[in-house]
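Listing of protein.cif, mmCIF, C-alpha atoms
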```
data_coords
loop_
_atom_site.label_atom_id
_atom_site.label_comp_id
_atom_site.auth_asym_id
_atom_site.auth_seq_id
_atom_site.Cartn_x
_atom_site.Cartn_y
_atom_site.Cartn_z
CA MET A 650 -9.61 52.04 34.26
CA ARG A 651 -8.45 49.64 31.59
CA SER A 652 -10.73 48.47 28.84
CA LEU A 653 -11.76 44.83 28.78
CA ALA A 654 -12.05 44.89 24.98
CA PRO A 655 -8.59 43.36 24.32
CA LEU A 656 -9.29 40.55 26.79
CA ALA A 657 -12.72 39.94 25.25
CA ALA A 658 -11.13 39.78 21.78
CA VAL A 659 -8.62 37.16 22.96
CA VAL A 660 -11.34 35.06 24.61
CA LEU A 661 -13.51 35.27 21.47
CA ALA A 662 -10.59 34.34 19.21
CA ALA A 663 -9.76 31.37 21.44
CA ALA A 664 -13.37 30.17 21.38
CA VAL A 665 -13.55 30.45 17.59
CA GLY A 666 -10.17 28.72 17.28
CA VAL A 667 -11.28 25.81 19.48
CA GLY A 668 -14.47 25.45 17.42
CA ALA A 669 -12.49 25.43 14.19
CA LEU A 670 -10.03 22.94 15.67
CA ARG A 671 -12.85 20.59 16.64
CA GLY A 672 -13.89 20.56 12.98
CA LEU A 673 -10.38 19.58 11.92
CA VAL A 674 -9.81 16.81 14.44
CA GLN A 675 -10.89 13.38 13.20
CA ASP A 676 -13.62 11.63 15.14
CA SER A 677 -11.94 9.07 17.38
CA THR A 678 -14.76 6.55 16.87
CA PRO A 679 -13.37 3.48 15.08
CA ALA A 680 -14.27 3.39 11.39
CA ALA A 681 -16.26 0.17 11.80
CA ASP A 682 -18.60 1.99 14.21
CA ARG A 683 -19.30 4.79 11.68
CA GLY A 684 -20.75 2.67 8.89
CA ALA A 685 -17.47 1.84 7.18
CA THR A 686 -17.25 -0.06 3.93
CA THR A 687 -15.10 -3.15 4.29
CA MET A 688 -13.22 -5.15 1.69
CA THR A 689 -10.47 -7.75 1.73
CA LEU A 690 -7.73 -7.97 -0.88
CA VAL A 691 -4.77 -10.35 -1.04
CA GLU A 692 -1.39 -9.06 -2.17
CA ARG A 693 0.90 -11.44 -3.97
CA ALA A 694 4.34 -10.13 -3.00
CA LEU A 695 6.15 -10.53 -6.32
CA ASN A 696 8.33 -7.40 -6.49
CA VAL A 697 10.13 -7.01 -3.16
CA THR A 698 13.57 -5.51 -2.59
CA GLN A 699 15.36 -5.69 0.78
CA VAL A 700 18.04 -3.11 1.59
CA ASP A 701 20.22 -4.15 4.53
CA THR A 702 21.70 -1.01 6.08
CA GLY A 703 24.29 -1.46 8.79
CA GLU A 704 24.92 -4.78 10.53
CA PRO A 705 24.01 -7.89 8.50
CA GLY A 706 20.54 -9.23 9.30
CA PRO A 707 17.44 -7.39 10.50
CA THR A 708 18.42 -4.15 12.21
CA PRO A 709 16.78 -0.73 12.66
CA GLY A 710 16.96 1.31 9.48
CA ASP A 711 16.76 -1.61 7.04
CA LEU A 712 14.40 -0.94 4.15
CA THR A 713 11.87 -3.05 2.31
CA VAL A 714 10.50 -1.63 -0.95
CA TRP A 715 7.76 -3.38 -2.92
CA GLY A 716 5.52 -3.10 -5.89
CA PRO A 717 3.75 -2.76 -7.93
CA ASP A 718 2.27 -6.03 -6.64
CA PRO A 719 -1.13 -7.32 -7.79
CA LEU A 720 -4.10 -7.43 -5.44
CA TYR A 721 -6.52 -10.35 -5.68
CA ASP A 722 -10.00 -10.86 -4.23
CA ALA A 723 -10.46 -12.27 -0.70
CA ALA A 724 -10.27 -15.84 -2.03
CA ASN A 725 -6.95 -15.01 -3.76
CA GLU A 726 -8.39 -16.18 -7.09
CA VAL A 727 -9.43 -13.13 -9.15
CA ASP A 728 -6.96 -10.37 -10.04
CA THR A 729 -8.80 -7.14 -9.17
CA GLY A 730 -6.57 -4.98 -11.36
CA ALA A 731 -5.56 -3.01 -8.26
CA VAL A 732 -1.89 -2.84 -7.24
CA THR A 733 0.03 -1.93 -4.12
CA GLN A 734 3.43 -0.36 -3.69
CA GLY A 735 5.28 1.10 -0.77
CA SER A 736 8.18 0.99 1.60
CA CYS A 737 8.91 0.02 5.18
CA GLN A 738 11.77 1.05 7.44
CA ALA A 739 12.70 -1.35 10.26
CA LEU A 740 12.17 0.02 13.76
CA ASN A 741 13.49 -3.19 15.33
CA ALA A 742 13.67 -6.91 14.42
CA ASP A 743 9.85 -7.31 14.47
CA GLU A 744 8.32 -3.94 13.54
CA ASN A 745 8.49 -1.67 10.50
CA HIS A 746 7.06 1.78 9.85
CA CYS A 747 5.37 1.53 6.46
CA PHE A 748 3.92 3.79 3.78
CA GLU A 749 1.68 2.14 1.20
CA THR A 750 -0.37 3.29 -1.79
CA ILE A 751 -3.12 1.21 -3.36
CA VAL A 752 -3.97 2.14 -6.96
CA PHE A 753 -7.27 0.85 -8.36
CA PRO A 754 -7.98 0.23 -12.06
CA ASP A 755 -10.01 3.48 -12.35
CA GLY A 756 -7.06 5.50 -10.96
CA SER A 757 -8.54 5.92 -7.47
CA THR A 758 -6.03 5.55 -4.63
CA LEU A 759 -5.79 4.83 -0.92
CA ALA A 760 -2.83 6.05 1.15
CA ILE A 761 -1.87 4.02 4.23
CA GLN A 762 0.77 4.34 6.93
CA GLY A 763 1.61 2.73 10.23
CA VAL A 764 3.58 0.04 12.00
CA GLN A 765 3.44 -3.44 10.47
CA ARG A 766 4.84 -6.72 11.68
CA GLY A 767 6.06 -9.85 9.93
CA ALA A 768 4.63 -13.34 9.59
CA GLY A 769 2.16 -14.45 12.25
CA MET A 770 1.81 -10.95 13.72
CA PRO A 771 -1.25 -9.06 12.36
CA ALA A 772 -1.14 -5.29 12.52
CA THR A 773 -3.63 -2.48 12.08
CA THR A 774 -2.45 0.55 10.12
CA THR A 775 -4.21 3.81 9.23
CA ILE A 776 -5.86 4.88 5.99
CA VAL A 777 -4.77 8.51 5.81
CA GLY A 778 -6.51 9.56 2.60
CA GLY A 779 -7.45 8.73 -0.92
CA SER A 780 -8.39 10.04 -4.32
CA GLY A 781 -11.09 9.39 -6.91
CA ARG A 782 -13.88 7.28 -5.44
CA TYR A 783 -11.89 7.21 -2.16
CA LEU A 784 -11.50 11.00 -1.87
CA GLY A 785 -11.62 11.90 1.83
CA ALA A 786 -11.13 8.29 2.94
CA THR A 787 -10.11 7.44 6.48
CA GLY A 788 -10.18 4.20 8.37
CA THR A 789 -8.03 1.22 9.15
CA LEU A 790 -6.24 -1.58 7.36
CA LEU A 791 -5.69 -4.92 9.08
CA VAL A 792 -2.59 -6.55 7.56
CA GLU A 793 -1.78 -10.27 7.98
CA ALA A 794 1.23 -11.92 6.31
CA SER A 795 1.60 -15.58 5.38
CA ASP A 796 4.40 -17.51 7.09
CA ASP A 797 6.68 -17.13 4.05
CA LEU A 798 5.68 -13.44 3.50
CA SER A 799 4.53 -14.20 -0.06
CA LEU A 800 0.86 -13.29 0.62
CA TRP A 801 -0.44 -10.32 2.56
CA THR A 802 -4.15 -10.31 3.41
CA LYS A 803 -5.40 -6.72 3.69
CA THR A 804 -8.80 -6.04 5.26
CA PHE A 805 -9.89 -2.43 4.77
CA ALA A 806 -12.46 -0.59 6.90
CA ILE A 807 -13.04 2.63 4.93
CA THR A 808 -15.10 5.65 5.90
CA LEU A 809 -15.62 8.39 3.34
CA ASP A 810 -15.96 12.04 4.34
CA GLU A 811 -19.26 13.05 2.74
CA THR A 812 -18.25 16.74 2.78
CA VAL A 813 -15.29 16.28 0.41
#
```

Let me see the structure of the file written as C-alpha cells.
Amino acid sequence: MRSLAPLAAVVLAAAVGVGALRGLVQDSTPAADRGATTMTLVERALNVTQVDTGEPGPTPGDLTVWGPDPLYDAANEVDTGAVTQGSCQALNADENHCFETIVFPDGSTLAIQGVQRGAGMPATTTIVGGSGRYLGATGTLLVEASDDLSLWTKTFAITLDETV
C-alpha cells in the first residue's frame, strides 16, 4: 500500500502557495473605492521630441520622449516644483504605450505606465509604484490632453500600501 504522505505534501504546498499568491495579487477594487488620495496637476509640455520611425507620419513604433516638464497646480497657475518625464511608443495612429515618472521637489517619485491617447481622448493609466512619501503607491492616473497637446491635465487617484 502506497503512502499518502507525498500527496498530502503536494496538497499542503499548493494551499500555502495559493495563500501566498493571494497576498501578492493587488486588490482589484478601484483605488477611488479604497480611500485614495486624489490630486490634479497640469503638465506644460515644453520639452518634447518626436522620433518618426518608418513611414512618414504617425505609424506604429514612432516614439515621443518628453521632459523634464514642469507640473502646475490644477488651475495651471502655481509651479509645484514637480516634474514629469517619460516616453511613449505608438501602437497605432491614436494610441501609445507610455512610461512616465513624476519627481516631486522632496525627491519622492511616482511611476506610471499604460496606454494614452492624443487630444480629445482621455485615458486612464496605472500607477505602478513610487518612492519617498509615495512608497508602495498604486492607483490610477486620468490623462487629458489639450487640443494642441501643449497641456496635459493629470488627475491622480493614489492608494498607499500601509505595510510598506

Practice task
Considering only C-alpha atoms, state which residue in the set A:Thr729, A:Thr689, A:Gln765, A:Asn745 is at the smallest distance from Asp711 in chain A.
Solution key: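 Smallest separation from Asp711 in chain A among the options: A:Asn745.
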
Who sits within 7 Å of range 780-792 of chain A, only C-alpha atoms, same chain under 2 positions skipped, as an mmCIF file with C-alpha atoms, keeping the file's coordinate frame:
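This went into around_12.cif:
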```
data_model
loop_
_atom_site.group_PDB
_atom_site.id
_atom_site.type_symbol
_atom_site.label_atom_id
_atom_site.label_comp_id
_atom_site.auth_asym_id
_atom_site.auth_seq_id
_atom_site.Cartn_x
_atom_site.Cartn_y
_atom_site.Cartn_z
ATOM 1 C CA ALA A 680 -14.270 3.390 11.390
ATOM 2 C CA GLY A 756 -7.060 5.500 -10.960
ATOM 3 C CA SER A 757 -8.540 5.920 -7.470
ATOM 4 C CA THR A 758 -6.030 5.550 -4.630
ATOM 5 C CA LEU A 759 -5.790 4.830 -0.920
ATOM 6 C CA PRO A 771 -1.250 -9.060 12.360
ATOM 7 C CA ALA A 772 -1.140 -5.290 12.520
ATOM 8 C CA THR A 773 -3.630 -2.480 12.080
ATOM 9 C CA THR A 774 -2.450 0.550 10.120
ATOM 10 C CA THR A 775 -4.210 3.810 9.230
ATOM 11 C CA ILE A 776 -5.860 4.880 5.990
ATOM 12 C CA VAL A 777 -4.770 8.510 5.810
ATOM 13 C CA GLY A 778 -6.510 9.560 2.600
ATOM 14 C CA ALA A 794 1.230 -11.920 6.310
ATOM 15 C CA TRP A 801 -0.440 -10.320 2.560
ATOM 16 C CA THR A 802 -4.150 -10.310 3.410
ATOM 17 C CA LYS A 803 -5.400 -6.720 3.690
ATOM 18 C CA THR A 804 -8.800 -6.040 5.260
ATOM 19 C CA PHE A 805 -9.890 -2.430 4.770
ATOM 20 C CA ALA A 806 -12.460 -0.590 6.900
ATOM 21 C CA ILE A 807 -13.040 2.630 4.930
ATOM 22 C CA THR A 808 -15.100 5.650 5.900
ATOM 23 C CA LEU A 809 -15.620 8.390 3.340
ATOM 24 C CA ASP A 810 -15.960 12.040 4.340
ATOM 25 C CA VAL A 813 -15.290 16.280 0.410
#
```

Exercise for the section: Name the residues that the PyMOL selection byres ((chain A and resi 735) around 9) pulls out of this structure, and write them as a list in words. Expected result: Thr713, Val714, Trp715, Gly716, Pro717, Thr733, Gln734, Ser736, Cys737, Cys747, Phe748, Glu749, Thr750 and Ile751 of chain A

Exercise for the section: For CA of Pro719 in chain A and CA of Arg693 in chain A, determine how far apart the two atoms are, in Å to one decimal place. Expected result: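 Between CA of Pro719 in chain A and CA of Arg693 in chain A the gap works out to 6.0 Å.
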
Exercise for the section: Check what the PyMOL selection byres ((chain A and resi 708) around 10) selects in the file above and give those residues as a PyMOL selection string. Expected result: chain A and resi 701-707+709-712+738-743
